[in-house]
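Asks: First, the structure itself, so that you have it in front of you.
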Amino acid sequence: MSLTLSANTVVVLDFETTGLSPNQGDRAIEIGAVKLENGVIVDRFQKLMNPGFRVSSFIANYTGITNAMLAEADDCATVMHNFADFIQGCNLVAHNASFDQRFLDAELDVIQRDYDGTFACSLLVSRRLTQDAPSHKLGELVAYHQIDNDGVFHRALADAEVTASLWQVLLDTLQSDYSITNPDFSLMQKIAKMPKGSIDQFLKKQG
DNA sequence: TGCCAGGCCCTCTTTAGGGCCTT
């Protein structure tokens, strides 16, 4: 891990893609991200990218991203080079991070770039900290926590922004419910891996 | 020909199956 990795800066990111699996030939079509410094958004990144083939009608309807929009976009390599620069030195957060990590790894592998941060998953943390939530879908959690939003979902920057707000809600929960002052990224990673049954006892020891 | 994601998590579990999440 890089010595320049920032302790207080994370990038919350979200991909829109042509499908669920890069192993099955799916590609990224949009990346959106916000950079958080001590919980405050200090930078944003949003780019459509042309995967080189037409997206299905399902994806066009699901995301609102059309083939006409993608025809005018830069190719994936160009966008991902810029995004690799954007995330340099930062840890990463995503909702269901294993999905976004697979696409990030696949797209950066194509252009032979790498990143120095590690991922934390807001879905896994949410399942442990707000076990009463009826669902841990991003949209459902936005409603559950009454998170401000512009009504846009399944677009990369909009989803990254509400995920960043959710991340902050989860950090605030650690402070308010467990008296954990300044919970950090590595604690969130530990929470994500902890058995649900022992999370309460673990957090009470942290406070 | 027919199949086709992958990881987490629960339970009627561990020699398994299925729902939840992401697009």
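Naming works like this for the structure tokens: A, B, ... for the chains as they're shown, residue 1 at the start of each chain, ligands 1 onward in shown order.
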If the cut-off is 10 Å, can you tell me the residues of chain A near chain B, counting only C-alpha atoms (C1' of nucleotides)? I'd like them as a PyMOL selection string.

Replies: chain A and resi 14-24+26-28+58-59+62-63+94-100+102+123-124+135-138+154+193+195-196

Asks: With distances taken over only C-alpha atoms, which of A:Leu203, A:Val162, A:Phe103, A:Cys90 is nearest to A:Thr181?

Replies: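 Among the listed residues, A:Leu203 lies closest to A:Thr181.
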
Asks: Between atom CA of A:Ala120 and atom CA of A:Val10, what distance in Å does the model show, to one decimal?

Replies: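 So the answer is 9.7 Å.
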
Asks: As an exercise, work out the distance from atom CA of A:Phe153 to atom CA of A:Ile31 in Å and give it to one decimal place.

Replies: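 One can read the atom CA of A:Phe153 to atom CA of A:Ile31 distance as 13.6 Å.
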
Asks: One number please: atom CA of A:Met194 to atom CA of A:Arg128, in Å, one decimal.

Replies: 8.2 Å
